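Asker: Pasting run.cif here (mmCIF, C-alpha atoms):
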```cif
data_start
loop_
_atom_site.label_atom_id
_atom_site.label_comp_id
_atom_site.auth_asym_id
_atom_site.auth_seq_id
_atom_site.Cartn_x
_atom_site.Cartn_y
_atom_site.Cartn_z
CA MET A 1 5.01 -20.04 7.22
CA SER A 2 5.65 -20.01 3.51
CA ARG A 3 5.85 -17.41 0.79
CA TRP A 4 2.89 -16.04 -1.15
CA GLU A 5 3.01 -13.73 -4.15
CA VAL A 6 0.75 -10.69 -3.96
CA PHE A 7 -1.12 -9.04 -6.84
CA LYS A 8 -2.69 -5.64 -6.29
CA GLN A 9 -5.31 -3.93 -8.39
CA ASP A 10 -5.13 -0.15 -8.06
CA ALA A 11 -8.64 0.58 -9.35
CA PRO A 12 -11.53 -1.33 -10.92
CA GLY A 13 -10.75 -2.07 -14.55
CA LYS A 14 -6.97 -1.87 -14.01
CA PRO A 15 -4.90 -5.08 -14.14
CA HIS A 16 -3.79 -6.87 -11.00
CA GLN A 17 -0.03 -6.33 -10.72
CA ALA A 18 2.59 -8.40 -8.93
CA VAL A 19 3.85 -6.14 -6.15
CA GLY A 20 5.90 -8.48 -3.95
CA SER A 21 5.47 -11.33 -1.54
CA VAL A 22 4.45 -12.01 2.06
CA HIS A 23 4.98 -14.88 4.46
CA ALA A 24 1.82 -16.47 5.83
CA THR A 25 0.34 -19.69 7.17
CA ASP A 26 -2.42 -19.92 4.54
CA ALA A 27 -4.23 -17.96 1.85
CA ARG A 28 -6.49 -15.96 4.19
CA HIS A 29 -3.55 -15.00 6.36
CA ALA A 30 -1.62 -14.05 3.21
CA LEU A 31 -4.45 -11.73 2.13
CA ILE A 32 -4.50 -9.99 5.51
CA ASN A 33 -0.72 -9.61 5.53
CA ALA A 34 -0.82 -8.36 1.94
CA ALA A 35 -3.31 -5.69 2.97
CA HIS A 36 -1.05 -4.65 5.86
CA VAL A 37 2.11 -4.55 3.76
CA PHE A 38 0.90 -3.29 0.37
CA VAL A 39 -2.29 -1.28 0.98
CA ARG A 40 -1.06 1.25 3.50
CA ARG A 41 -0.89 3.85 0.77
CA PRO A 42 -3.89 4.90 -1.33
CA ALA A 43 -5.09 3.13 -4.42
CA ALA A 44 -6.16 -0.45 -4.03
CA ALA A 45 -9.39 -2.06 -5.13
CA SER A 46 -8.59 -5.77 -4.88
CA LEU A 47 -5.86 -8.19 -3.82
CA TRP A 48 -4.97 -11.63 -5.09
CA VAL A 49 -2.50 -14.00 -3.48
CA ALA A 50 -0.99 -17.23 -4.83
CA HIS A 51 1.44 -19.58 -3.13
CA ALA A 52 4.92 -19.01 -4.53
CA SER A 53 5.11 -22.67 -5.57
CA ALA A 54 2.11 -22.15 -7.87
CA ILE A 55 3.93 -19.58 -10.02
CA PHE A 56 5.37 -20.86 -13.30
CA SER A 57 7.77 -18.21 -14.55
CA ARG A 58 9.89 -17.71 -17.63
CA THR A 59 12.04 -14.74 -18.61
CA ARG A 60 12.76 -13.71 -22.17
CA GLN A 61 16.32 -14.99 -21.71
CA GLU A 62 15.13 -18.36 -20.46
CA LEU A 63 12.81 -18.67 -23.42
CA ALA A 64 15.60 -17.69 -25.79
CA ALA A 65 17.76 -20.40 -24.28
CA GLN A 66 14.98 -22.86 -25.11
CA GLU A 67 14.39 -23.69 -21.49
CA LEU A 68 10.67 -23.96 -21.96
CA SER A 69 10.91 -27.73 -21.96
CA THR A 70 12.76 -27.76 -18.64
CA VAL A 71 10.52 -28.88 -15.84
CA ASP A 72 9.97 -26.11 -13.33
CA ARG A 73 11.46 -27.22 -10.05
CA VAL A 74 8.31 -26.79 -8.02
CA ASP A 75 5.36 -26.85 -10.37
CA PRO A 76 4.10 -30.29 -11.34
CA ALA A 77 1.33 -28.62 -13.34
CA ALA A 78 3.96 -27.59 -15.84
CA THR A 79 4.37 -31.18 -16.94
CA ALA A 80 0.73 -32.23 -17.25
CA ALA A 81 0.34 -34.95 -19.87
CA PRO A 82 -0.81 -33.98 -23.38
CA GLY A 83 -4.53 -34.41 -23.66
CA ALA A 84 -5.05 -33.53 -20.00
CA PRO A 85 -8.30 -31.66 -19.33
CA LEU A 86 -8.19 -27.92 -19.84
CA GLU A 87 -8.31 -25.61 -16.85
CA PRO A 88 -8.01 -21.84 -16.56
CA TYR A 89 -4.64 -20.15 -15.99
CA GLU A 90 -4.01 -16.47 -15.30
CA VAL A 91 -1.29 -14.91 -17.42
CA PHE A 92 0.94 -12.11 -16.08
CA ARG A 93 3.51 -10.31 -18.14
CA LYS A 94 6.40 -7.99 -17.40
CA SER A 95 6.76 -5.45 -20.20
CA SER A 96 9.11 -2.79 -18.83
CA ASN A 97 12.27 -2.51 -16.75
CA ARG A 98 11.36 1.04 -15.79
CA ARG A 99 9.01 0.19 -12.96
CA SER A 100 10.32 -0.17 -9.43
CA MET A 101 7.21 -1.07 -7.45
CA THR A 102 5.51 -3.65 -9.66
CA PHE A 103 6.71 -6.66 -11.60
CA ALA A 104 4.20 -8.31 -13.94
CA ASP A 105 0.72 -7.17 -15.01
CA HIS A 106 -2.25 -9.49 -15.39
CA VAL A 107 -3.02 -9.67 -19.11
CA GLY A 108 -5.67 -12.38 -19.33
CA THR A 109 -6.93 -15.89 -18.73
CA VAL A 110 -6.33 -18.92 -20.95
CA GLU A 111 -7.71 -22.46 -20.89
CA ALA A 112 -4.79 -24.88 -21.02
CA SER A 113 -3.74 -28.39 -20.06
CA SER A 114 -0.66 -27.22 -18.12
CA ALA A 115 1.21 -24.07 -17.15
CA ALA A 116 3.66 -24.67 -20.01
CA HIS A 117 0.73 -25.03 -22.40
CA ALA A 118 -0.76 -21.78 -21.06
CA LEU A 119 2.55 -20.04 -21.73
CA GLU A 120 2.61 -21.39 -25.29
CA LEU A 121 -0.84 -19.89 -25.84
CA ALA A 122 0.28 -16.57 -24.36
CA LEU A 123 3.37 -16.55 -26.58
CA ALA A 124 1.14 -16.90 -29.64
CA GLU A 125 -0.35 -13.44 -28.97
CA PRO A 126 0.75 -10.76 -31.48
CA THR A 127 2.64 -8.59 -28.98
CA ALA A 128 4.22 -11.48 -27.07
CA ASP A 129 7.73 -10.76 -28.33
CA THR A 130 7.82 -7.47 -26.38
CA ALA A 131 7.45 -9.29 -23.05
CA LEU A 132 10.43 -9.43 -20.69
CA ALA A 133 9.02 -12.15 -18.43
CA TRP A 134 5.91 -14.26 -17.94
CA TRP A 135 4.18 -15.63 -14.87
CA ILE A 136 1.54 -18.33 -15.27
CA VAL A 137 -0.71 -19.13 -12.30
CA PRO A 138 -3.54 -21.68 -12.17
CA THR A 139 -6.73 -19.71 -11.53
CA ALA A 140 -7.63 -22.23 -8.83
CA ALA A 141 -4.42 -21.33 -6.95
CA ILE A 142 -5.43 -17.68 -6.57
CA ALA A 143 -7.29 -16.41 -3.50
CA ALA A 144 -8.92 -13.01 -3.90
CA SER A 145 -10.02 -10.43 -1.38
CA ASP A 146 -13.78 -10.34 -0.84
CA PRO A 147 -15.37 -7.34 -2.65
CA ALA A 148 -17.62 -6.94 0.40
CA ASP A 149 -14.50 -6.23 2.47
CA ALA A 150 -13.31 -3.38 0.24
CA PRO A 151 -14.65 -0.56 2.47
CA ALA A 152 -12.83 -1.94 5.53
CA TRP A 153 -9.65 -3.05 3.75
CA PHE A 154 -9.02 -0.38 1.13
CA GLU A 155 -11.03 2.76 1.77
CA PRO A 156 -9.34 3.94 5.02
CA ALA A 157 -5.96 4.24 3.27
CA ARG A 158 -7.36 6.97 1.03
CA ASP A 159 -7.87 9.33 3.96
CA LYS A 160 -4.59 8.68 5.72
CA LEU A 161 -2.06 11.44 5.93
CA TYR A 162 1.51 10.42 5.38
CA LYS A 163 4.75 12.26 4.96
CA GLN A 164 7.03 11.88 2.02
CA GLN A 165 10.68 11.31 2.96
CA SER A 166 11.55 14.82 1.83
CA GLN A 167 9.24 16.29 4.47
CA TYR A 168 11.45 15.06 7.28
CA GLY A 169 14.35 17.31 8.26
CA SER A 170 17.78 15.86 7.62
CA GLY A 171 20.24 18.37 9.07
CA PRO A 172 23.64 17.15 10.26
CA THR A 173 22.75 17.69 13.92
CA PRO A 174 19.28 17.64 15.44
CA THR A 175 18.21 21.07 16.58
CA VAL A 176 15.55 22.05 19.05
CA ARG A 177 13.58 25.10 18.06
CA ARG A 178 12.03 26.97 20.93
CA ALA A 179 9.14 29.36 21.05
CA ASP A 180 10.18 33.00 21.23
CA PRO A 181 10.59 34.04 24.86
CA MET B 1 -32.83 14.37 17.08
CA THR B 2 -29.20 15.08 16.27
CA THR B 3 -27.16 18.12 17.12
CA ASP B 4 -23.70 19.52 16.76
CA ALA B 5 -24.36 22.11 19.45
CA THR B 6 -22.02 21.72 22.42
CA PRO B 7 -23.83 20.40 25.49
CA THR B 8 -23.45 22.26 28.76
CA GLY B 9 -23.30 21.61 32.49
CA SER B 10 -23.26 18.05 33.82
CA LEU B 11 -23.99 16.64 30.36
CA LEU B 12 -20.86 18.29 29.00
CA ALA B 13 -18.78 16.98 31.91
CA ALA B 14 -20.10 13.45 31.40
CA LEU B 15 -19.41 13.54 27.66
CA VAL B 16 -15.88 14.83 28.20
CA GLU B 17 -15.21 11.93 30.61
CA ARG B 18 -16.55 9.32 28.19
CA VAL B 19 -14.74 10.66 25.13
CA THR B 20 -11.53 10.96 27.13
CA ALA B 21 -11.85 7.38 28.38
CA HIS B 22 -12.22 6.08 24.85
CA ALA B 23 -9.41 8.25 23.48
CA ASP B 24 -7.16 7.06 26.32
CA ASP B 25 -8.01 3.41 25.57
CA GLU B 26 -7.02 3.86 21.94
CA LEU B 27 -3.81 5.73 22.78
CA VAL B 28 -2.62 3.24 25.39
CA LEU B 29 -3.45 0.20 23.26
CA GLY B 30 -1.73 1.85 20.29
CA HIS B 31 1.36 2.39 22.40
CA ARG B 32 1.40 -1.24 23.53
CA ASP B 33 1.08 -2.35 19.89
CA ALA B 34 3.93 -0.04 18.94
CA GLU B 35 6.16 -1.83 21.44
CA TRP B 36 6.24 -4.78 19.00
CA THR B 37 8.09 -2.73 16.40
CA GLY B 38 11.23 -4.72 15.66
CA HIS B 39 10.13 -7.64 17.85
CA ALA B 40 7.19 -9.31 16.08
CA PRO B 41 7.51 -12.96 15.06
CA LEU B 42 7.81 -12.15 11.37
CA LEU B 43 8.38 -9.08 9.26
CA GLU B 44 4.82 -8.91 7.95
CA GLU B 45 3.37 -8.98 11.46
CA ASP B 46 5.88 -6.35 12.56
CA ILE B 47 4.48 -4.11 9.83
CA ALA B 48 0.92 -5.13 10.74
CA LEU B 49 1.40 -4.19 14.40
CA ALA B 50 2.98 -0.87 13.43
CA ASN B 51 -0.09 -0.26 11.25
CA LEU B 52 -2.46 -1.18 14.08
CA ALA B 53 -0.54 1.10 16.43
CA GLN B 54 -0.75 4.00 13.99
CA ASP B 55 -4.45 3.36 13.43
CA GLU B 56 -5.29 3.22 17.16
CA ILE B 57 -3.24 6.34 17.89
CA GLY B 58 -4.86 8.02 14.88
CA HIS B 59 -8.26 7.14 16.31
CA ALA B 60 -7.16 8.55 19.67
CA ILE B 61 -6.29 11.83 17.92
CA THR B 62 -9.80 11.88 16.44
CA TRP B 63 -11.44 11.36 19.85
CA TYR B 64 -9.19 13.91 21.58
CA GLY B 65 -10.21 16.24 18.76
CA VAL B 66 -13.87 15.65 19.61
CA ARG B 67 -13.06 16.51 23.22
CA SER B 68 -11.22 19.60 22.07
CA GLY B 69 -14.41 20.69 20.32
CA LEU B 70 -16.26 20.27 23.60
CA ASP B 71 -13.94 22.01 26.07
CA GLY B 72 -11.12 23.57 24.04
CA SER B 73 -8.53 21.23 25.58
CA ASP B 74 -5.18 20.67 23.84
CA PRO B 75 -4.67 16.98 22.94
CA ASP B 76 -0.87 17.24 23.37
CA ARG B 77 -1.30 18.58 26.90
CA LEU B 78 -3.72 15.78 27.73
CA VAL B 79 -1.46 13.05 26.39
CA TYR B 80 1.94 14.26 27.57
CA PHE B 81 1.23 16.04 30.82
CA ARG B 82 -1.50 14.14 32.65
CA GLY B 83 -0.52 11.77 35.43
CA ALA B 84 -1.54 8.11 35.30
CA ASP B 85 -4.46 8.61 37.67
CA GLU B 86 -5.85 11.35 35.44
CA TYR B 87 -6.04 8.83 32.61
CA ARG B 88 -9.40 7.13 32.11
CA SER B 89 -8.15 4.14 30.09
CA SER B 90 -9.15 0.61 31.03
CA HIS B 91 -6.79 -1.72 32.86
CA LEU B 92 -6.90 -4.21 29.99
CA VAL B 93 -5.10 -1.91 27.54
CA ALA B 94 -2.45 -0.90 30.10
CA LEU B 95 -1.07 -4.42 30.61
CA PRO B 96 2.37 -5.02 29.07
CA ARG B 97 2.35 -6.51 25.59
CA GLY B 98 3.18 -10.00 26.88
CA ASP B 99 3.62 -12.70 24.26
CA TRP B 100 2.08 -12.81 20.79
CA ALA B 101 -0.96 -14.75 22.02
CA PHE B 102 -1.72 -12.17 24.70
CA THR B 103 -1.25 -9.28 22.27
CA MET B 104 -3.60 -10.83 19.73
CA LEU B 105 -6.20 -11.87 22.32
CA ARG B 106 -6.20 -8.45 23.99
CA GLN B 107 -6.44 -6.81 20.57
CA TYR B 108 -9.34 -9.09 19.67
CA LEU B 109 -11.23 -8.28 22.89
CA PHE B 110 -10.77 -4.57 22.33
CA ASP B 111 -11.65 -4.80 18.62
CA ALA B 112 -14.82 -6.73 19.47
CA TYR B 113 -15.79 -4.14 22.09
CA GLU B 114 -15.05 -1.25 19.76
CA THR B 115 -16.99 -2.82 16.90
CA GLU B 116 -20.09 -3.06 19.11
CA LEU B 117 -19.54 0.41 20.57
CA LEU B 118 -19.01 2.16 17.23
CA ALA B 119 -22.01 0.50 15.58
CA ARG B 120 -24.16 2.20 18.23
CA LEU B 121 -22.15 5.40 18.57
CA ALA B 122 -22.73 5.97 14.85
CA ARG B 123 -26.32 6.81 15.86
CA SER B 124 -25.26 9.29 18.56
CA SER B 125 -27.33 12.47 18.74
CA TYR B 126 -24.05 14.40 19.01
CA GLN B 127 -22.97 14.72 15.38
CA PRO B 128 -19.17 14.96 15.81
CA LEU B 129 -19.26 11.64 17.68
CA ALA B 130 -21.50 9.94 15.13
CA GLN B 131 -19.28 11.07 12.25
CA ALA B 132 -16.09 9.87 13.93
CA ALA B 133 -17.70 6.54 14.77
CA VAL B 134 -18.77 5.90 11.16
CA LYS B 135 -15.29 6.63 9.86
CA ILE B 136 -13.42 4.58 12.45
CA ALA B 137 -15.82 1.60 12.36
CA ARG B 138 -14.72 0.81 8.81
CA GLU B 139 -11.11 0.37 9.83
CA GLU B 140 -11.95 -1.51 13.02
CA LEU B 141 -13.56 -4.22 10.94
CA PHE B 142 -10.19 -4.91 9.35
CA HIS B 143 -8.51 -4.96 12.78
CA LEU B 144 -11.11 -7.43 13.99
CA ARG B 145 -10.47 -9.65 10.98
CA HIS B 146 -6.74 -9.66 11.70
CA SER B 147 -6.98 -10.40 15.44
CA GLN B 148 -9.69 -13.03 14.98
CA LEU B 149 -7.63 -14.75 12.30
CA TRP B 150 -4.76 -15.05 14.77
CA LEU B 151 -7.01 -16.46 17.49
CA GLU B 152 -8.04 -19.22 15.08
CA ARG B 153 -4.46 -20.02 14.10
CA LEU B 154 -3.19 -20.00 17.69
CA ALA B 155 -6.10 -22.20 18.80
CA TYR B 156 -5.47 -24.78 16.07
CA GLY B 157 -1.71 -24.31 15.71
CA THR B 158 0.36 -26.36 18.13
CA ASP B 159 -0.07 -27.51 21.73
CA GLU B 160 2.14 -24.59 22.73
CA SER B 161 0.21 -21.97 20.77
CA ARG B 162 -3.06 -23.22 22.26
CA ALA B 163 -1.62 -23.25 25.79
CA ARG B 164 -0.38 -19.69 25.31
CA LEU B 165 -3.78 -18.61 24.05
CA GLU B 166 -5.45 -20.21 27.09
CA ASP B 167 -2.99 -18.43 29.40
CA ALA B 168 -3.72 -15.15 27.62
CA LEU B 169 -7.45 -15.69 28.07
CA ALA B 170 -6.99 -16.41 31.77
CA ALA B 171 -5.03 -13.16 32.16
CA ALA B 172 -7.24 -10.88 30.05
CA TRP B 173 -10.75 -12.19 30.71
CA PRO B 174 -11.08 -10.94 34.33
CA LEU B 175 -10.33 -7.39 33.06
CA LEU B 176 -13.11 -7.41 30.45
CA PRO B 177 -15.87 -6.25 32.88
CA GLN B 178 -13.85 -3.15 33.73
CA LEU B 179 -13.53 -2.26 30.02
CA LEU B 180 -17.31 -2.63 29.72
CA ALA B 181 -18.16 -0.89 33.02
CA PRO B 182 -20.36 2.20 33.16
CA MET B 183 -19.01 5.62 34.11
CA PRO B 184 -20.69 7.96 36.61
CA GLY B 185 -22.32 10.32 34.08
CA ASP B 186 -23.55 7.61 31.72
CA ALA B 187 -27.24 7.76 32.63
CA GLU B 188 -27.49 11.37 31.50
CA LEU B 189 -25.54 10.69 28.29
CA VAL B 190 -27.72 7.70 27.43
CA ALA B 191 -30.89 9.69 28.10
CA ALA B 192 -29.65 12.40 25.73
CA GLY B 193 -28.90 9.76 23.06
CA MET B 194 -25.23 10.79 23.02
CA TRP B 195 -23.63 7.54 24.18
CA PRO B 196 -25.00 3.98 23.93
CA ALA B 197 -26.02 2.23 27.14
CA PRO B 198 -22.94 0.43 28.50
CA VAL B 199 -25.02 -2.59 29.49
CA GLU B 200 -26.14 -2.98 25.88
CA VAL B 201 -22.62 -2.57 24.41
CA GLY B 202 -21.31 -4.89 27.11
CA SER B 203 -23.71 -7.74 26.53
CA ALA B 204 -23.27 -7.50 22.73
CA THR B 205 -19.50 -7.62 23.22
CA VAL B 206 -19.65 -10.61 25.55
CA ASP B 207 -21.99 -12.43 23.14
CA ARG B 208 -19.68 -11.79 20.20
CA VAL B 209 -16.54 -12.80 22.08
CA THR B 210 -18.11 -15.87 23.67
CA GLY B 211 -19.31 -17.00 20.25
CA THR B 212 -15.80 -16.77 18.81
CA LEU B 213 -14.17 -18.50 21.77
CA THR B 214 -16.74 -21.30 21.84
CA ALA B 215 -16.26 -21.93 18.12
CA LEU B 216 -12.55 -22.37 18.86
CA GLY B 217 -13.26 -24.81 21.67
CA LEU B 218 -12.10 -22.33 24.30
CA ARG B 219 -14.07 -21.88 27.47
CA ALA B 220 -14.49 -18.35 28.69
CA PRO B 221 -15.00 -18.44 32.46
CA PRO B 222 -18.27 -16.83 33.58
CA LEU B 223 -17.85 -13.15 34.31
CA ALA B 224 -18.19 -12.36 37.99
CA ASP B 225 -21.78 -11.37 38.74
CA GLY B 226 -22.75 -8.68 41.18
CA GLN B 227 -19.17 -7.58 41.67
CA VAL B 228 -18.88 -3.81 41.55
CA VAL B 229 -16.60 -2.90 38.66
CA GLU B 230 -15.68 0.65 37.85
CA ARG B 231 -13.76 2.51 35.23
CA HIS B 232 -12.85 5.11 37.83
CA VAL B 233 -10.41 3.26 40.01
CA ARG B 234 -6.75 3.67 40.62
CA GLN B 235 -4.71 2.89 37.52
CA PRO B 236 -2.38 -0.11 37.58
CA PRO B 237 1.37 0.59 37.95
CA GLU B 238 1.87 -0.63 34.37
CA LEU B 239 0.17 2.50 33.05
CA GLY B 240 2.56 4.73 34.98
CA GLU B 241 5.50 2.83 33.50
CA LEU B 242 4.06 3.19 30.01
CA LEU B 243 3.48 6.92 30.45
CA SER B 244 6.99 7.49 31.76
CA VAL B 245 8.21 6.30 28.35
CA LEU B 246 5.46 7.93 26.29
CA GLN B 247 5.86 11.30 28.03
CA SER B 248 9.60 11.41 28.60
CA VAL B 249 10.58 13.43 25.54
CA ALA B 250 7.77 15.96 25.83
CA ARG B 251 8.44 16.46 29.54
CA ALA B 252 12.20 16.82 29.00
CA ASP B 253 11.55 20.11 27.24
CA PRO B 254 7.93 21.24 27.61
CA GLU B 255 8.56 24.45 25.65
CA ALA B 256 9.97 22.77 22.56
CA GLN B 257 8.03 23.49 19.38
CA ALA B 258 9.70 20.82 17.27
CA TRP B 259 12.43 18.23 17.50
#
```
Please express the file's structure as structure tokens.
Answerer:
Amino acid sequence: MSRWEVFKQDAPGKPHQAVGSVHATDARHALINAAHVFVRRPAAASLWVAHASAIFSRTRQELAAQELSTVDRVDPAATAAPGAPLEPYEVFRKSSNRRSMTFADHVGTVEASSAAHALELALAEPTADTALAWWIVPTAAIAASDPADAPAWFEPARDKLYKQQSQYGSGPTPTVRRADP
Amino acid sequence: MTTDATPTGSLLAALVERVTAHADDELVLGHRDAEWTGHAPLLEEDIALANLAQDEIGHAITWYGVRSGLDGSDPDRLVYFRGADEYRSSHLVALPRGDWAFTMLRQYLFDAYETELLARLARSSYQPLAQAAVKIAREELFHLRHSQLWLERLAYGTDESRARLEDALAAAWPLLPQLLAPMPGDAELVAAGMWPAPVEVGSATVDRVTGTLTALGLRAPPLADGQVVERHVRQPPELGELLSVLQSVARADPEAQAW
């Protein structure tokens, strides 16, 4: 078992967002576990998973400390030689500290020779300086849920009743209410 | 022809038995799944089993609701105050949860059966049944994907995982015919287009399951031919033990309105 990062899309046209991680034996297992863990509540249209080792991440602080040149401990793609062939990378960006349930949003795809190169391209975008953190993932490392599975994986959650925490009683001692005699 | 008019007489009695049997299967299997809460091999599977349990029990509520529409019965009374021998669930779902391999194999067998059943029940002439089948079939497909995925990983995991899967198959397989067995009023239900022919659902289930097992290099023993198998036989002691837990709170204070 190893760790996989999960990206959930709430509705078609919305960005996939990093929502957390699951343990799994492989990508298909990770997708199933992601559906169990993150799609129990309404609003999902698609899931992506990527092995945790495939994520190249940098925070604003790390970038400020000029750590971009530091080799990521697990991602050999980050050090691909200059002139290496271009391949697609997905770029995710964290833009707010106010969210509790999601981390980074998918903002686009770039063709790059390495994850570090992909980040350089992302940093060249006009609004890049507002980002708090970046995740770069090779497109080839992402496994996506099958659109044909959407009715079975995502639709049932829309009809499920669930109680908010506040709907459960929380008195100091449990009481049993009886029917009137 | 389809109808939402309530059948009468022997047809009504037969339909009540069938719907109850299926509701009981879902409830009992859901309860066995729920017994993994806090015990599954990893957190994600703990959550997955809790989800499966909620789904199966949710389906049971739907089927008890269909029965309620037929005879006005109260689902809570049926669940909490019937004795084991009044239950119509199959022996397969009553067995204790066993190890992970048994839980996943049993779940797979039931998911495969339910997938074949619901595909046909969706064409039932009794509208409330057809509507419930369409809705539940969607979710069952996801259950089937999950349990089948585990069969593959157990079969190709380690020597131990494969041995456990083979043991699970040896324990569960002989109970499959009873899950697929006809009930006394079936002929009338089938003639009225209300319930699919058990022999058809059964052979489709066996074909599906055998295909999966063969692809994994597992040999399903031939199912005993000519042996009389019935749904209506004495329940195994395991069901009584399960119900004593499931019903204990409700029976402790039958008048309670809320806890």
Asker: Grab the CA of Leu239 in chain B to CA of Ser90 in chain B distance for me, in Å with one decimal place.
Answerer: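 Atom-to-atom, CA of Leu239 in chain B and CA of Ser90 in chain B are spaced 9.7 Å apart.
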Asker: If you take only C-alpha atoms and a cut-off of 9 Å, which residues of chain B touch chain A, and what are their nearest atom pairs and distances in Å to one decimal, in chain and number order, as a Markdown table?
Answerer:
```
| residue | atom | partner | partner_atom | distance |
| --- | --- | --- | --- | --- |
| B:Leu42 | CA | A:His23 | CA | 8.0 |
| B:Leu43 | CA | A:His23 | CA | 8.3 |
| B:Glu44 | CA | A:Asn33 | CA | 6.1 |
| B:Glu45 | CA | A:Asn33 | CA | 7.2 |
| B:Ile47 | CA | A:Val37 | CA | 6.5 |
| B:Ala48 | CA | A:His36 | CA | 5.3 |
| B:Leu49 | CA | A:His36 | CA | 8.9 |
| B:Asn51 | CA | A:His36 | CA | 7.0 |
| B:Lys135 | CA | A:Pro156 | CA | 8.1 |
| B:Ile136 | CA | A:Pro156 | CA | 8.5 |
| B:Ala137 | CA | A:Ala152 | CA | 8.3 |
| B:Arg138 | CA | A:Ala152 | CA | 4.7 |
| B:Glu139 | CA | A:Ala152 | CA | 5.2 |
| B:Glu140 | CA | A:Ala152 | CA | 7.6 |
| B:Leu141 | CA | A:Ala152 | CA | 5.9 |
| B:Phe142 | CA | A:Ala152 | CA | 5.5 |
| B:His143 | CA | A:Ala152 | CA | 9.0 |
| B:Arg145 | CA | A:Ile32 | CA | 8.1 |
| B:His146 | CA | A:Ile32 | CA | 6.6 |
| B:Leu149 | CA | A:His29 | CA | 7.2 |
| B:Trp150 | CA | A:His29 | CA | 8.5 |
| B:Arg153 | CA | A:Thr25 | CA | 8.4 |
| B:Glu255 | CA | A:Arg178 | CA | 6.4 |
| B:Ala256 | CA | A:Arg178 | CA | 5.0 |
| B:Gln257 | CA | A:Arg178 | CA | 5.5 |
| B:Ala258 | CA | A:Arg177 | CA | 5.8 |
| B:Trp259 | CA | A:Val176 | CA | 5.2 |
```
Asker: What is the distance between CA of Ala27 in chain A and CA of Leu47 in chain A, in Å to one decimal?
Answerer: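 A separation of 11.4 Å between them.
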Asker: In Å, rounded to a single decimal, give me how far CA of Pro237 in chain B is from CA of Asp24 in chain B.
Answerer: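 CA of Asp24 in chain B sits 15.8 Å away from CA of Pro237 in chain B.
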Asker: What residues come out when you apply the PyMOL selection byres ((chain A and resi 54) around 8) to this file, written as a PyMOL selection string?
Answerer: chain A and resi 50-53+55-56+74-75+137-138+141
Asker: Go ahead and write the residues just picked, C-alpha atoms, as a PDB file, keeping the file's coordinate frame.
Answerer:
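Written out: out_31.pdb:
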```pdb
ATOM      1  CA  ALA A  50      -0.990 -17.230  -4.830  1.00  0.00           C
ATOM      2  CA  HIS A  51       1.440 -19.580  -3.130  1.00  0.00           C
ATOM      3  CA  ALA A  52       4.920 -19.010  -4.530  1.00  0.00           C
ATOM      4  CA  SER A  53       5.110 -22.670  -5.570  1.00  0.00           C
ATOM      5  CA  ILE A  55       3.930 -19.580 -10.020  1.00  0.00           C
ATOM      6  CA  PHE A  56       5.370 -20.860 -13.300  1.00  0.00           C
ATOM      7  CA  VAL A  74       8.310 -26.790  -8.020  1.00  0.00           C
ATOM      8  CA  ASP A  75       5.360 -26.850 -10.370  1.00  0.00           C
ATOM      9  CA  VAL A 137      -0.710 -19.130 -12.300  1.00  0.00           C
ATOM     10  CA  PRO A 138      -3.540 -21.680 -12.170  1.00  0.00           C
ATOM     11  CA  ALA A 141      -4.420 -21.330  -6.950  1.00  0.00           C
TER      12      ALA A 141
END
```
Asker: Decode the PyMOL selection byres ((chain B and resi 81) around 12) for the given file into explicit residues and return them as a PDB file with C-alpha atoms, in the coordinates of the input.
Answerer:
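result26.pdb, written as the output of this step:
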```
ATOM      1  CA  ASP B  74      -5.180  20.670  23.840  1.00  0.00           C
ATOM      2  CA  PRO B  75      -4.670  16.980  22.940  1.00  0.00           C
ATOM      3  CA  ASP B  76      -0.870  17.240  23.370  1.00  0.00           C
ATOM      4  CA  ARG B  77      -1.300  18.580  26.900  1.00  0.00           C
ATOM      5  CA  LEU B  78      -3.720  15.780  27.730  1.00  0.00           C
ATOM      6  CA  VAL B  79      -1.460  13.050  26.390  1.00  0.00           C
ATOM      7  CA  TYR B  80       1.940  14.260  27.570  1.00  0.00           C
ATOM      8  CA  ARG B  82      -1.500  14.140  32.650  1.00  0.00           C
ATOM      9  CA  GLY B  83      -0.520  11.770  35.430  1.00  0.00           C
ATOM     10  CA  ALA B  84      -1.540   8.110  35.300  1.00  0.00           C
ATOM     11  CA  ASP B  85      -4.460   8.610  37.670  1.00  0.00           C
ATOM     12  CA  GLU B  86      -5.850  11.350  35.440  1.00  0.00           C
ATOM     13  CA  TYR B  87      -6.040   8.830  32.610  1.00  0.00           C
ATOM     14  CA  LEU B 243       3.480   6.920  30.450  1.00  0.00           C
ATOM     15  CA  SER B 244       6.990   7.490  31.760  1.00  0.00           C
ATOM     16  CA  LEU B 246       5.460   7.930  26.290  1.00  0.00           C
ATOM     17  CA  GLN B 247       5.860  11.300  28.030  1.00  0.00           C
ATOM     18  CA  SER B 248       9.600  11.410  28.600  1.00  0.00           C
ATOM     19  CA  VAL B 249      10.580  13.430  25.540  1.00  0.00           C
ATOM     20  CA  ALA B 250       7.770  15.960  25.830  1.00  0.00           C
ATOM     21  CA  ARG B 251       8.440  16.460  29.540  1.00  0.00           C
ATOM     22  CA  ALA B 252      12.200  16.820  29.000  1.00  0.00           C
ATOM     23  CA  ASP B 253      11.550  20.110  27.240  1.00  0.00           C
ATOM     24  CA  PRO B 254       7.930  21.240  27.610  1.00  0.00           C
TER      25      PRO B 254
END
```
Asker: Can you pull out the residues contacting Val91 in chain A? Cut-off 6 Å, using all atoms listed in the file, and skip same-chain residues under 5 positions away; I want them as a PyMOL selection string.
Answerer: chain A and resi 106-109+136
